[in-house]
file start-v4.csv (CSV, C-alpha atoms)
chain,number,residue,atom,x,y,z
A,1,MET,CA,-5.1,2.0,1.5
A,2,ALA,CA,-3.7,-1.4,0.7
A,3,ILE,CA,-0.5,-1.7,-1.2
A,4,ARG,CA,2.3,-4.2,-1.9
A,5,TYR,CA,4.8,-4.8,0.8
A,6,PRO,CA,6.5,-1.5,1.7
A,7,ASN,CA,10.0,-2.4,0.5
A,8,GLY,CA,8.6,-3.5,-2.9
A,9,LYS,CA,9.6,-7.1,-2.3
A,10,LYS,CA,7.4,-10.1,-1.8
A,11,TYR,CA,6.8,-11.1,1.7
A,12,VAL,CA,8.9,-14.0,3.0
A,13,PRO,CA,7.1,-15.6,6.0
A,14,VAL,CA,8.9,-16.0,9.3
A,15,GLN,CA,10.5,-19.4,9.6
A,16,LYS,CA,9.0,-21.7,12.2
A,17,LEU,CA,11.0,-22.3,15.3
A,18,GLY,CA,13.5,-25.2,15.0
A,19,GLN,CA,13.5,-24.9,11.3
A,20,GLN,CA,16.9,-23.9,9.9
A,21,LYS,CA,17.0,-20.5,8.1
A,22,LYS,CA,18.4,-21.1,4.7
A,23,THR,CA,20.2,-17.8,4.6
A,24,ASN,CA,21.7,-18.1,8.1
A,25,LEU,CA,24.9,-20.0,7.4
A,26,SER,CA,26.4,-21.2,10.6
A,27,PHE,CA,30.0,-20.5,9.7
A,28,SER,CA,29.5,-16.9,8.8
A,29,ASN,CA,27.5,-13.8,9.6
A,30,ARG,CA,27.1,-13.1,5.9
A,31,GLY,CA,23.6,-13.7,4.8
A,32,LYS,CA,22.1,-12.2,7.9
A,33,THR,CA,19.6,-9.4,7.0
A,34,LEU,CA,20.2,-6.0,8.4
A,35,GLU,CA,17.0,-6.4,10.4
A,36,ASP,CA,18.4,-9.5,12.1
A,37,GLU,CA,21.6,-7.7,12.9
A,38,LEU,CA,19.8,-4.8,14.4
A,39,ASN,CA,17.4,-6.9,16.4
A,40,GLU,CA,20.4,-8.7,17.9
A,41,THR,CA,22.1,-5.4,18.6
A,42,ASN,CA,19.0,-3.9,20.2
A,43,GLU,CA,18.6,-7.0,22.4
A,44,PHE,CA,22.2,-6.6,23.5
A,45,TYR,CA,21.7,-2.9,24.3
A,46,LEU,CA,18.5,-3.7,26.2
A,47,SER,CA,20.0,-6.5,28.2
A,48,ARG,CA,22.8,-4.3,29.4
A,49,SER,CA,20.5,-1.3,30.1
A,50,MET,CA,22.4,0.7,27.5
A,51,ALA,CA,19.3,1.7,25.5
A,52,VAL,CA,15.7,0.8,24.8
A,53,ILE,CA,15.3,0.6,21.1
A,54,HIS,CA,12.7,-1.5,19.2
A,55,LYS,CA,11.6,-2.1,15.7
A,56,LYS,CA,8.0,-1.1,15.1
A,57,PRO,CA,5.7,-3.8,13.8
A,58,VAL,CA,4.8,-3.7,10.1
A,59,PRO,CA,1.5,-1.8,9.7
A,60,ILE,CA,-1.2,-4.1,8.5
A,61,GLN,CA,-4.9,-3.4,7.9
A,62,VAL,CA,-7.0,-6.3,9.1
A,63,VAL,CA,-10.3,-6.8,7.3
A,64,ASN,CA,-11.4,-10.3,8.4
A,65,VAL,CA,-10.8,-12.4,11.4
A,66,ASN,CA,-12.1,-15.9,12.3
A,67,TYR,CA,-12.6,-17.0,15.9
A,68,PRO,CA,-12.4,-20.8,16.0
A,69,ALA,CA,-13.6,-22.3,19.3
A,70,ARG,CA,-10.8,-23.0,21.8
A,71,SER,CA,-7.9,-21.7,19.6
A,72,ALA,CA,-6.3,-18.4,18.5
A,73,ALA,CA,-8.0,-15.9,16.3
A,74,VAL,CA,-7.0,-16.3,12.7
A,75,ILE,CA,-6.7,-13.2,10.4
A,76,THR,CA,-8.0,-14.4,7.1
A,77,GLU,CA,-7.9,-11.1,5.1
A,78,ALA,CA,-5.5,-8.3,5.6
A,79,TYR,CA,-3.3,-5.9,3.7
A,80,PHE,CA,0.1,-4.3,4.1
A,81,ARG,CA,0.0,-0.5,4.6
A,82,THR,CA,2.6,2.1,3.9
A,83,PRO,CA,4.5,2.9,7.2
A,84,SER,CA,4.1,6.6,8.3
A,85,THR,CA,7.2,6.7,10.4
A,86,THR,CA,10.6,5.1,10.4
A,87,ASP,CA,11.1,1.5,11.5
A,88,TYR,CA,13.1,2.0,14.7
A,89,ASN,CA,12.9,4.3,17.6
A,90,GLY,CA,13.6,4.5,21.3
A,91,LEU,CA,15.6,5.9,24.0
A,92,TRP,CA,19.3,6.1,24.8
A,93,LYS,CA,20.7,8.0,27.8
A,94,GLY,CA,17.6,10.2,28.0
A,95,LYS,CA,17.8,11.0,24.3
A,96,TYR,CA,15.2,10.2,21.6
A,97,ILE,CA,16.7,8.0,18.8
A,98,ASP,CA,14.9,7.4,15.5
A,99,PHE,CA,16.2,5.7,12.4
A,100,GLU,CA,15.5,3.9,9.3
A,101,ALA,CA,17.6,0.9,8.2
A,102,LYS,CA,18.0,0.0,4.5
A,103,GLU,CA,20.2,-2.3,2.5
A,104,THR,CA,21.2,-2.3,-1.2
A,105,LYS,CA,22.9,-4.9,-3.4
A,106,SER,CA,24.5,-2.1,-5.5
A,107,ALA,CA,28.2,-1.6,-5.0
A,108,THR,CA,28.3,2.0,-6.3
A,109,SER,CA,25.3,3.9,-5.0
A,110,PHE,CA,22.3,3.9,-2.7
A,111,PRO,CA,18.9,4.0,-4.4
A,112,LEU,CA,16.3,6.4,-2.9
A,113,GLN,CA,13.2,4.7,-4.2
A,114,ASN,CA,12.7,2.5,-1.2
A,115,ILE,CA,12.6,5.4,1.1
A,116,HIS,CA,9.1,6.9,1.5
A,117,GLU,CA,8.4,10.6,1.4
A,118,HIS,CA,6.4,10.4,4.7
A,119,GLN,CA,9.4,8.7,6.4
A,120,VAL,CA,11.6,11.6,5.3
A,121,ASN,CA,8.9,14.1,6.6
A,122,HIS,CA,8.8,12.2,9.9
A,123,MET,CA,12.6,12.5,10.2
A,124,LYS,CA,12.4,16.2,9.5
A,125,SER,CA,9.8,16.6,12.3
A,126,VAL,CA,12.0,14.5,14.7
A,127,SER,CA,15.1,16.6,13.8
A,128,LYS,CA,13.2,19.9,14.5
A,129,GLN,CA,11.9,18.6,17.8
A,130,GLY,CA,15.5,17.9,19.0
A,131,GLY,CA,15.6,14.1,18.4
A,132,ILE,CA,18.6,12.2,17.0
A,133,THR,CA,17.7,10.8,13.6
A,134,PHE,CA,19.7,8.9,11.0
A,135,PHE,CA,19.8,6.1,8.5
A,136,ILE,CA,21.7,2.9,8.8
A,137,LEU,CA,22.7,2.0,5.2
A,138,LYS,CA,24.2,-1.4,4.4
A,139,PHE,CA,25.9,-2.2,1.1
A,140,THR,CA,25.4,-6.0,1.2
A,141,SER,CA,27.8,-6.8,-1.7
A,142,LEU,CA,30.6,-4.8,0.0
A,143,ASP,CA,29.7,-5.8,3.6
A,144,ARG,CA,29.9,-2.1,4.5
A,145,TYR,CA,27.7,-0.2,6.9
A,146,PHE,CA,27.1,3.5,7.3
A,147,ILE,CA,25.4,5.8,9.9
A,148,THR,CA,24.1,8.7,7.9
A,149,PRO,CA,22.6,11.6,9.9
A,150,TYR,CA,19.3,12.9,8.5
A,151,VAL,CA,20.6,16.5,8.5
A,152,PHE,CA,23.3,15.5,5.9
A,153,PHE,CA,21.0,13.2,3.9
A,154,GLU,CA,18.4,15.9,3.4
A,155,LYS,CA,20.1,17.7,0.5
A,156,TYR,CA,20.3,14.5,-1.5
A,157,TRP,CA,16.6,13.9,-1.0
A,158,GLU,CA,16.0,17.4,-2.2
A,159,ARG,CA,18.3,16.9,-5.2
A,160,MET,CA,16.0,14.0,-6.2
A,161,ILE,CA,12.8,15.9,-5.6
A,162,SER,CA,14.0,18.7,-7.9
A,163,GLY,CA,14.7,16.3,-10.7
A,164,GLY,CA,18.3,15.1,-9.9
A,165,ARG,CA,19.6,11.6,-9.6
A,166,LYS,CA,17.5,9.0,-7.8
A,167,SER,CA,20.4,7.6,-5.7
A,168,ILE,CA,23.3,8.7,-3.6
A,169,THR,CA,26.7,7.7,-4.8
A,170,LEU,CA,28.9,5.6,-2.5
A,171,ASP,CA,31.4,8.5,-2.4
A,172,GLU,CA,28.7,10.8,-1.2
A,173,VAL,CA,27.5,8.3,1.4
A,174,MET,CA,31.1,8.0,2.6
A,175,GLU,CA,31.6,11.7,2.8
A,176,MET,CA,28.5,12.4,5.0
A,177,SER,CA,28.5,9.2,7.1
A,178,THR,CA,30.3,7.4,9.9
A,179,GLU,CA,31.3,3.9,8.8
A,180,ILE,CA,30.8,1.1,11.3
A,181,LYS,CA,32.3,-2.3,11.3
A,182,PRO,CA,30.2,-5.4,12.2
A,183,GLY,CA,31.4,-7.3,15.3
A,184,PHE,CA,30.3,-10.2,17.3
A,185,ASN,CA,28.4,-8.8,20.3
A,186,PRO,CA,27.0,-6.3,19.7
A,187,ARG,CA,26.7,-7.2,16.0
A,188,LEU,CA,26.5,-3.6,14.9
A,189,ASP,CA,27.5,-1.1,17.5
A,190,TYR,CA,25.7,1.9,16.0
A,191,LEU,CA,25.3,3.8,19.2
A,192,GLN,CA,29.0,4.3,19.4
A,193,ALA,CA,28.8,6.3,16.1
A,194,VAL,CA,25.6,8.0,17.3
A,195,SER,CA,27.5,9.0,20.5
A,196,ALA,CA,29.9,11.1,18.4
A,197,LEU,CA,27.0,12.4,16.4
A,198,ALA,CA,25.2,13.6,19.6
A,199,ALA,CA,28.4,15.2,20.8
A,200,SER,CA,28.7,17.2,17.6
A,201,TYR,CA,25.1,18.3,17.8
A,202,GLU,CA,25.8,19.6,21.3
A,203,THR,CA,28.9,21.4,20.1
A,204,ILE,CA,26.8,23.1,17.5
A,205,GLU,CA,24.1,24.1,20.0
A,206,ARG,CA,26.8,25.5,22.4
A,207,GLN,CA,28.2,27.6,19.6
A,208,GLU,CA,24.8,28.9,18.7
A,209,ASP,CA,24.2,29.9,22.3
A,210,VAL,CA,27.4,32.0,22.4
B,1,MET,CA,3.2,-17.2,19.5
B,2,ALA,CA,-0.3,-16.6,18.3
B,3,ILE,CA,-2.9,-15.3,20.8
B,4,ARG,CA,-6.2,-13.6,20.9
B,5,TYR,CA,-6.4,-9.9,20.3
B,6,PRO,CA,-4.1,-8.2,22.9
B,7,ASN,CA,-6.9,-6.4,24.8
B,8,GLY,CA,-8.8,-9.6,25.1
B,9,LYS,CA,-11.6,-8.3,22.9
B,10,LYS,CA,-12.7,-9.5,19.5
B,11,TYR,CA,-11.3,-7.5,16.6
B,12,VAL,CA,-13.7,-5.0,15.0
B,13,PRO,CA,-12.6,-4.2,11.5
B,14,VAL,CA,-12.0,-0.6,10.5
B,15,GLN,CA,-15.1,1.0,9.0
B,16,LYS,CA,-15.0,1.8,5.3
B,17,LEU,CA,-14.6,5.4,4.3
B,18,GLY,CA,-17.9,7.2,3.9
B,19,GLN,CA,-19.6,4.7,6.1
B,20,GLN,CA,-21.0,6.2,9.3
B,21,LYS,CA,-19.5,4.9,12.5
B,22,LYS,CA,-22.3,3.6,14.7
B,23,THR,CA,-20.6,4.7,17.8
B,24,ASN,CA,-19.6,8.2,16.6
B,25,LEU,CA,-22.7,10.2,17.4
B,26,SER,CA,-22.5,13.6,15.7
B,27,PHE,CA,-23.9,15.6,18.6
B,28,SER,CA,-21.4,14.3,21.1
B,29,ASN,CA,-17.8,13.1,21.7
B,30,ARG,CA,-19.1,10.3,23.8
B,31,GLY,CA,-18.6,7.0,22.1
B,32,LYS,CA,-15.2,7.9,20.7
B,33,THR,CA,-12.6,5.4,21.7
B,34,LEU,CA,-9.6,6.5,23.7
B,35,GLU,CA,-7.5,5.5,20.7
B,36,ASP,CA,-9.5,7.8,18.4
B,37,GLU,CA,-9.1,10.6,20.9
B,38,LEU,CA,-5.4,10.1,21.1
B,39,ASN,CA,-4.9,9.9,17.4
B,40,GLU,CA,-6.7,13.2,17.0
B,41,THR,CA,-4.6,14.7,19.7
B,42,ASN,CA,-1.4,13.4,18.3
B,43,GLU,CA,-2.3,14.8,14.8
B,44,PHE,CA,-3.0,18.1,16.4
B,45,TYR,CA,0.4,18.1,18.2
B,46,LEU,CA,2.2,17.1,15.0
B,47,SER,CA,0.5,19.7,12.8
B,48,ARG,CA,1.6,22.4,15.2
B,49,SER,CA,5.1,21.0,15.6
B,50,MET,CA,4.5,20.5,19.3
B,51,ALA,CA,5.4,16.9,19.5
B,52,VAL,CA,6.0,13.8,17.3
B,53,ILE,CA,4.0,11.0,18.9
B,54,HIS,CA,2.6,8.0,17.1
B,55,LYS,CA,0.7,4.8,18.0
B,56,LYS,CA,2.7,1.7,17.0
B,57,PRO,CA,1.0,-0.8,14.7
B,58,VAL,CA,-0.5,-3.9,16.2
B,59,PRO,CA,2.1,-6.7,16.0
B,60,ILE,CA,0.9,-9.4,13.6
B,61,GLN,CA,2.6,-12.5,12.5
B,62,VAL,CA,2.1,-13.1,8.8
B,63,VAL,CA,2.0,-16.7,7.7
B,64,ASN,CA,0.5,-16.7,4.2
B,65,VAL,CA,0.3,-14.1,1.5
B,66,ASN,CA,-1.3,-14.2,-2.0
B,67,TYR,CA,0.0,-12.1,-4.9
B,68,PRO,CA,-2.9,-11.7,-7.3
B,69,ALA,CA,-1.8,-10.4,-10.7
B,70,ARG,CA,-2.1,-6.6,-11.0
B,71,SER,CA,-3.4,-6.0,-7.5
B,72,ALA,CA,-2.3,-5.6,-3.9
B,73,ALA,CA,-0.8,-8.5,-1.9
B,74,VAL,CA,-3.5,-10.2,0.3
B,75,ILE,CA,-2.5,-11.7,3.6
B,76,THR,CA,-4.6,-14.8,3.9
B,77,GLU,CA,-3.3,-16.2,7.2
B,78,ALA,CA,-1.9,-14.2,10.1
B,79,TYR,CA,-2.1,-14.1,13.9
B,80,PHE,CA,-2.2,-11.4,16.5
B,81,ARG,CA,1.0,-11.3,18.7
B,82,THR,CA,1.5,-10.0,22.2
B,83,PRO,CA,3.0,-6.5,22.0
B,84,SER,CA,6.4,-6.2,23.6
B,85,THR,CA,6.3,-2.5,24.3
B,86,THR,CA,3.7,0.2,25.0
B,87,ASP,CA,1.4,1.4,22.2
B,88,TYR,CA,2.6,5.0,22.0
B,89,ASN,CA,5.9,6.7,21.9
B,90,GLY,CA,7.7,9.7,20.5
B,91,LEU,CA,9.3,12.9,21.1
B,92,TRP,CA,8.3,16.2,22.8
B,93,LYS,CA,10.7,19.1,23.2
B,94,GLY,CA,13.7,16.8,22.9
B,95,LYS,CA,12.3,14.4,25.5
B,96,TYR,CA,11.4,10.8,25.0
B,97,ILE,CA,7.7,10.1,25.7
B,98,ASP,CA,6.3,6.6,26.1
B,99,PHE,CA,2.9,5.6,27.3
B,100,GLU,CA,0.1,3.0,27.3
B,101,ALA,CA,-3.5,4.0,27.0
B,102,LYS,CA,-6.3,1.9,28.6
B,103,GLU,CA,-10.0,2.3,29.2
B,104,THR,CA,-12.3,0.6,31.6
B,105,LYS,CA,-16.1,0.5,32.0
B,106,SER,CA,-15.8,0.1,35.7
B,107,ALA,CA,-16.8,3.2,37.8
B,108,THR,CA,-14.8,2.1,40.9
B,109,SER,CA,-11.5,0.6,40.0
B,110,PHE,CA,-9.0,0.0,37.2
B,111,PRO,CA,-8.4,-3.6,36.3
B,112,LEU,CA,-4.8,-4.7,35.8
B,113,GLN,CA,-5.3,-7.8,33.7
B,114,ASN,CA,-5.2,-6.0,30.4
B,115,ILE,CA,-1.7,-4.7,31.1
B,116,HIS,CA,1.0,-7.1,30.0
B,117,GLU,CA,4.0,-7.9,32.2
B,118,HIS,CA,6.4,-7.1,29.3
B,119,GLN,CA,4.8,-3.7,28.9
B,120,VAL,CA,5.4,-2.9,32.5
B,121,ASN,CA,9.0,-4.2,32.1
B,122,HIS,CA,9.4,-2.0,29.1
B,123,MET,CA,8.2,1.1,31.1
B,124,LYS,CA,10.7,0.2,33.9
B,125,SER,CA,13.5,0.2,31.3
B,126,VAL,CA,12.3,3.5,29.9
B,127,SER,CA,12.1,5.0,33.3
B,128,LYS,CA,15.7,3.9,34.1
B,129,GLN,CA,17.0,5.3,30.9
B,130,GLY,CA,15.6,8.7,31.6
B,131,GLY,CA,12.4,8.7,29.5
B,132,ILE,CA,9.0,10.1,30.5
B,133,THR,CA,6.6,7.2,30.9
B,134,PHE,CA,3.0,7.0,32.1
B,135,PHE,CA,-0.5,5.6,31.5
B,136,ILE,CA,-3.5,7.4,30.2
B,137,LEU,CA,-6.4,5.8,32.0
B,138,LYS,CA,-10.0,6.4,30.9
B,139,PHE,CA,-13.0,5.5,33.0
B,140,THR,CA,-15.6,5.5,30.2
B,141,SER,CA,-18.7,5.3,32.4
B,142,LEU,CA,-17.5,8.4,34.3
B,143,ASP,CA,-16.0,10.2,31.3
B,144,ARG,CA,-12.9,10.8,33.4
B,145,TYR,CA,-9.2,10.7,32.2
B,146,PHE,CA,-6.1,10.4,34.2
B,147,ILE,CA,-2.3,10.7,33.5
B,148,THR,CA,-0.7,8.2,35.8
B,149,PRO,CA,3.2,8.2,36.0
B,150,TYR,CA,4.8,4.8,35.8
B,151,VAL,CA,6.9,5.6,38.9
B,152,PHE,CA,3.7,5.8,41.0
B,153,PHE,CA,1.9,3.0,39.2
B,154,GLU,CA,4.7,0.5,40.0
B,155,LYS,CA,3.8,-0.2,43.6
B,156,TYR,CA,0.2,-1.2,42.6
B,157,TRP,CA,1.6,-3.6,40.0
B,158,GLU,CA,3.9,-5.1,42.7
B,159,ARG,CA,1.0,-5.4,45.1
B,160,MET,CA,-0.8,-7.5,42.5
B,161,ILE,CA,2.4,-9.6,41.8
B,162,SER,CA,2.7,-10.3,45.4
B,163,GLY,CA,-0.9,-11.6,45.6
B,164,GLY,CA,-2.8,-8.4,46.3
B,165,ARG,CA,-5.8,-7.0,44.5
B,166,LYS,CA,-5.9,-7.2,40.7
B,167,SER,CA,-7.0,-3.6,40.2
B,168,ILE,CA,-6.3,-0.1,41.4
B,169,THR,CA,-9.2,1.7,43.1
B,170,LEU,CA,-10.5,5.0,41.7
B,171,ASP,CA,-9.3,6.7,44.9
B,172,GLU,CA,-5.8,5.3,44.4
B,173,VAL,CA,-5.8,6.4,40.8
B,174,MET,CA,-6.9,9.9,41.8
B,175,GLU,CA,-4.3,10.2,44.4
B,176,MET,CA,-1.3,9.4,42.1
B,177,SER,CA,-2.5,10.9,38.8
B,178,THR,CA,-3.2,14.2,37.1
B,179,GLU,CA,-6.8,14.4,35.9
B,180,ILE,CA,-7.3,15.9,32.5
B,181,LYS,CA,-10.5,17.2,31.0
B,182,PRO,CA,-11.4,16.4,27.3
B,183,GLY,CA,-11.6,19.4,25.1
B,184,PHE,CA,-12.3,20.2,21.4
B,185,ASN,CA,-8.9,20.7,19.9
B,186,PRO,CA,-6.7,19.1,21.1
B,187,ARG,CA,-9.2,16.5,22.3
B,188,LEU,CA,-7.0,15.3,25.2
B,189,ASP,CA,-4.2,17.7,26.0
B,190,TYR,CA,-2.1,15.2,27.9
B,191,LEU,CA,1.2,17.0,27.2
B,192,GLN,CA,0.1,19.8,29.5
B,193,ALA,CA,-0.1,17.3,32.4
B,194,VAL,CA,3.1,15.7,31.2
B,195,SER,CA,4.8,19.1,31.3
B,196,ALA,CA,4.1,19.4,35.0
B,197,LEU,CA,5.3,15.9,35.4
B,198,ALA,CA,8.6,16.6,33.6
B,199,ALA,CA,9.1,19.7,35.7
B,200,SER,CA,8.7,17.7,38.9
B,201,TYR,CA,11.2,15.1,37.7
B,202,GLU,CA,13.7,17.9,37.1
B,203,THR,CA,13.1,19.3,40.5
B,204,ILE,CA,13.8,15.8,42.0
B,205,GLU,CA,17.0,15.5,40.0
B,206,ARG,CA,18.2,19.0,41.1
B,207,GLN,CA,17.5,18.1,44.7
B,208,GLU,CA,19.5,14.9,44.3
B,209,ASP,CA,22.4,16.8,42.8
B,210,VAL,CA,22.6,19.1,45.8

call {"tool": "encode", "arguments": {"input": "start-v4.csv", "output": "structure tokens"}}
result
Amino acid sequence: MAIRYPNGKKYVPVQKLGQQKKTNLSFSNRGKTLEDELNETNEFYLSRSMAVIHKKPVPIQVVNVNYPARSAAVITEAYFRTPSTTDYNGLWKGKYIDFEAKETKSATSFPLQNIHEHQVNHMKSVSKQGGITFFILKFTSLDRYFITPYVFFEKYWERMISGGRKSITLDEVMEMSTEIKPGFNPRLDYLQAVSALAASYETIERQEDV
Amino acid sequence: MAIRYPNGKKYVPVQKLGQQKKTNLSFSNRGKTLEDELNETNEFYLSRSMAVIHKKPVPIQVVNVNYPARSAAVITEAYFRTPSTTDYNGLWKGKYIDFEAKETKSATSFPLQNIHEHQVNHMKSVSKQGGITFFILKFTSLDRYFITPYVFFEKYWERMISGGRKSITLDEVMEMSTEIKPGFNPRLDYLQAVSALAASYETIERQEDV
């Protein structure tokens, strides 16, 4: 099934190497997309053997390909597909990590319409199977970042499903999340927050065992 | 960097729904690709809450997109990219699972040229970080399937790097792998073999602890 680009926005092609990115101002980290920040962070983690976490490629249905002689195959017709899982997953200290990263321009609430139902279902499955799953939410206008565990997010998704508001207020996000501050290297040290999260999961499990 | 399709073959577009696949003979499972078999198996695992394992999308660099009024965005120029990780990963009983699936028509050895160096590097990182990583190798002409742990595969890769043979003989594959038999549902119960593998890892760890 072919659809518009998953996040509802028009596709902006990747800049060619050597060509200055308009949004990447050299004097500031403002203007970097959350995806750029996470790619940098994941490269940092990988290079220090701290974690192996990658962004999955955007799912694309290829319909037509040309094979010019002596050069690379060119895809001439293809369509964006809806992703069936989250964008990021991997491994950290033997633990399975799975998350979705989203940004909003709103300063007051986080809209839920850019999160797909099958992504939420995927996170539910991961959570049941013992994985660590969460959102990284960025309020771009506030320059604030939150790690929101799926287990706490769930009730706001269900509120929407049952006819309630289609967003989560900033207060609600703050209450259920760990806020992280952007830095230089790594840009967004989300695993530090996840570490606390994993420890609290283990405490819960130990309590249940008793 | 744009290249030919990662497995070196020309791209065969997905069949339209309702259109009979020429290779999918109704009286036999022969002719199914390994990818089809693994997708079926992973759906089976997911539907029974046994594991959450997905194939990653093929990485594609999009260069041009058209936005016709009132219909889906059409990608009109794009290129296949080299994958930087393995094709499959996910979660099983709280453990991180990561593998690459490859098939060969050869009846005597498994060629290494379709395995990319960065895939092998990725598996090395996963292995170091405590994940379970392996190959699923299919000899199509023999209808035989093997689960080959990365830790055993490594020395044959190094043999090639240091100028040795560019393939692994069937005997070598048999010696270091667990053979699995295809079935009806799940089609390829690879987690059963992985289960034994995980247990043997734990035994090694316990022995190292003593």

call {"tool": "residues_around", "arguments": {"input": "start-v4.csv", "residues": "Leu137 (chain B)", "least_positions_apart": "2", "cutoff": "9 Å", "atoms": "only C-alpha atoms", "output": "compact mmCIF listing (two decimals) with C-alpha atoms, in the frame of the given file"}}
result
# COMPACT_ATOMS: atom_id res chain seq x y z
CA LEU B 34 -9.60 6.50 23.70
CA GLU B 100 0.10 3.00 27.30
CA ALA B 101 -3.50 4.00 27.00
CA LYS B 102 -6.30 1.90 28.60
CA GLU B 103 -10.00 2.30 29.20
CA THR B 104 -12.30 0.60 31.60
CA PHE B 110 -9.00 0.00 37.20
CA PHE B 135 -0.50 5.60 31.50
CA PHE B 139 -13.00 5.50 33.00
CA ARG B 144 -12.90 10.80 33.40
CA TYR B 145 -9.20 10.70 32.20
CA PHE B 146 -6.10 10.40 34.20
CA ILE B 147 -2.30 10.70 33.50
CA THR B 148 -0.70 8.20 35.80
CA VAL B 173 -5.80 6.40 40.80

call {"tool": "closest_atom_pairs", "arguments": {"input": "start-v4.csv", "of": "chain A", "to": "chain B", "cutoff": "6 Å", "atoms": "all atoms listed in the file", "output": "JSON lines"}}
result
{"residue": "A:Ile3", "atom": "CA", "partner": "B:Ala72", "partner_atom": "CA", "distance": 5.1}
{"residue": "A:Arg4", "atom": "CA", "partner": "B:Ala72", "partner_atom": "CA", "distance": 5.2}
{"residue": "A:Pro13", "atom": "CA", "partner": "B:Val63", "partner_atom": "CA", "distance": 5.5}
{"residue": "A:Pro57", "atom": "CA", "partner": "B:Pro59", "partner_atom": "CA", "distance": 5.1}
{"residue": "A:Pro59", "atom": "CA", "partner": "B:Pro57", "partner_atom": "CA", "distance": 5.1}
{"residue": "A:Val63", "atom": "CA", "partner": "B:Pro13", "partner_atom": "CA", "distance": 5.4}
{"residue": "A:Ala72", "atom": "CA", "partner": "B:Ile3", "partner_atom": "CA", "distance": 5.1}
{"residue": "A:Ala73", "atom": "CA", "partner": "B:Arg4", "partner_atom": "CA", "distance": 5.4}
{"residue": "A:Val74", "atom": "CA", "partner": "B:Tyr79", "partner_atom": "CA", "distance": 5.5}
{"residue": "A:Ile75", "atom": "CA", "partner": "B:Ala78", "partner_atom": "CA", "distance": 4.9}
{"residue": "A:Thr76", "atom": "CA", "partner": "B:Thr76", "partner_atom": "CA", "distance": 4.7}
{"residue": "A:Glu77", "atom": "CA", "partner": "B:Thr76", "partner_atom": "CA", "distance": 5.1}
{"residue": "A:Ala78", "atom": "CA", "partner": "B:Ile75", "partner_atom": "CA", "distance": 5.0}
{"residue": "A:Tyr79", "atom": "CA", "partner": "B:Val74", "partner_atom": "CA", "distance": 5.5}
{"residue": "A:Lys93", "atom": "CA", "partner": "B:Gln129", "partner_atom": "CA", "distance": 5.5}
{"residue": "A:Gly94", "atom": "CA", "partner": "B:Gly130", "partner_atom": "CA", "distance": 4.4}
{"residue": "A:Tyr96", "atom": "CA", "partner": "B:Tyr96", "partner_atom": "CA", "distance": 5.1}
{"residue": "A:Gln129", "atom": "CA", "partner": "B:Lys93", "partner_atom": "CA", "distance": 5.6}
{"residue": "A:Gly130", "atom": "CA", "partner": "B:Gly94", "partner_atom": "CA", "distance": 4.4}
{"residue": "A:Gly131", "atom": "CA", "partner": "B:Gly94", "partner_atom": "CA", "distance": 5.6}

call {"tool": "atom_distance", "arguments": {"input": "start-v4.csv", "atom1": "CA of Leu142 (chain A)", "atom2": "CA of Leu112 (chain A)"}}
result
18.4 Å

call {"tool": "atom_distance", "arguments": {"input": "start-v4.csv", "atom1": "CA of Leu197 (chain A)", "atom2": "CA of Lys124 (chain B)"}}
result
26.8 Å

call {"tool": "atom_distance", "arguments": {"input": "start-v4.csv", "atom1": "CA of Thr33 (chain B)", "atom2": "CA of Met176 (chain B)"}}
result
23.7 Å

call {"tool": "closest_residue", "arguments": {"input": "start-v4.csv", "among": "B:Arg187, B:Pro149, B:Gly163, B:Val194", "to": "Glu175 (chain B)", "atoms": "all atoms listed in the file"}}
result
B:Pro149

call {"tool": "closest_residue", "arguments": {"input": "start-v4.csv", "among": "B:Lys138, B:Lys32, B:Arg81, B:Lys181", "to": "Thr108 (chain B)", "atoms": "only C-alpha atoms"}}
result
B:Lys138

call {"tool": "residues_around", "arguments": {"input": "start-v4.csv", "residues": "Gln113 (chain A)", "least_positions_apart": "4", "cutoff": "12 Å", "atoms": "only C-alpha atoms", "output": "list in words"}}
result
Pro6, Asn7, Gly8, Lys102, Glu103, Thr104, Glu117, Gln119, Val120, Trp157, Met160, Ile161, Arg165, Lys166, Ser167 and Ile168 of chain A

call {"tool": "axis_aligned_box", "arguments": {"input": "start-v4.csv", "around": "region 128-134 of chain A", "padding_each_side": "4 Å", "output": "AutoDock Vina command-line options"}}
result
--center_x 15.8 --center_y 14.4 --center_z 15.0 --size_x 15.8 --size_y 19.0 --size_z 16.0

call {"tool": "closest_residue", "arguments": {"input": "start-v4.csv", "among": "A:Phe134, A:Gly164, A:His118, A:Ala107", "to": "Leu191 (chain A)", "atoms": "only C-alpha atoms"}}
result
A:Phe134
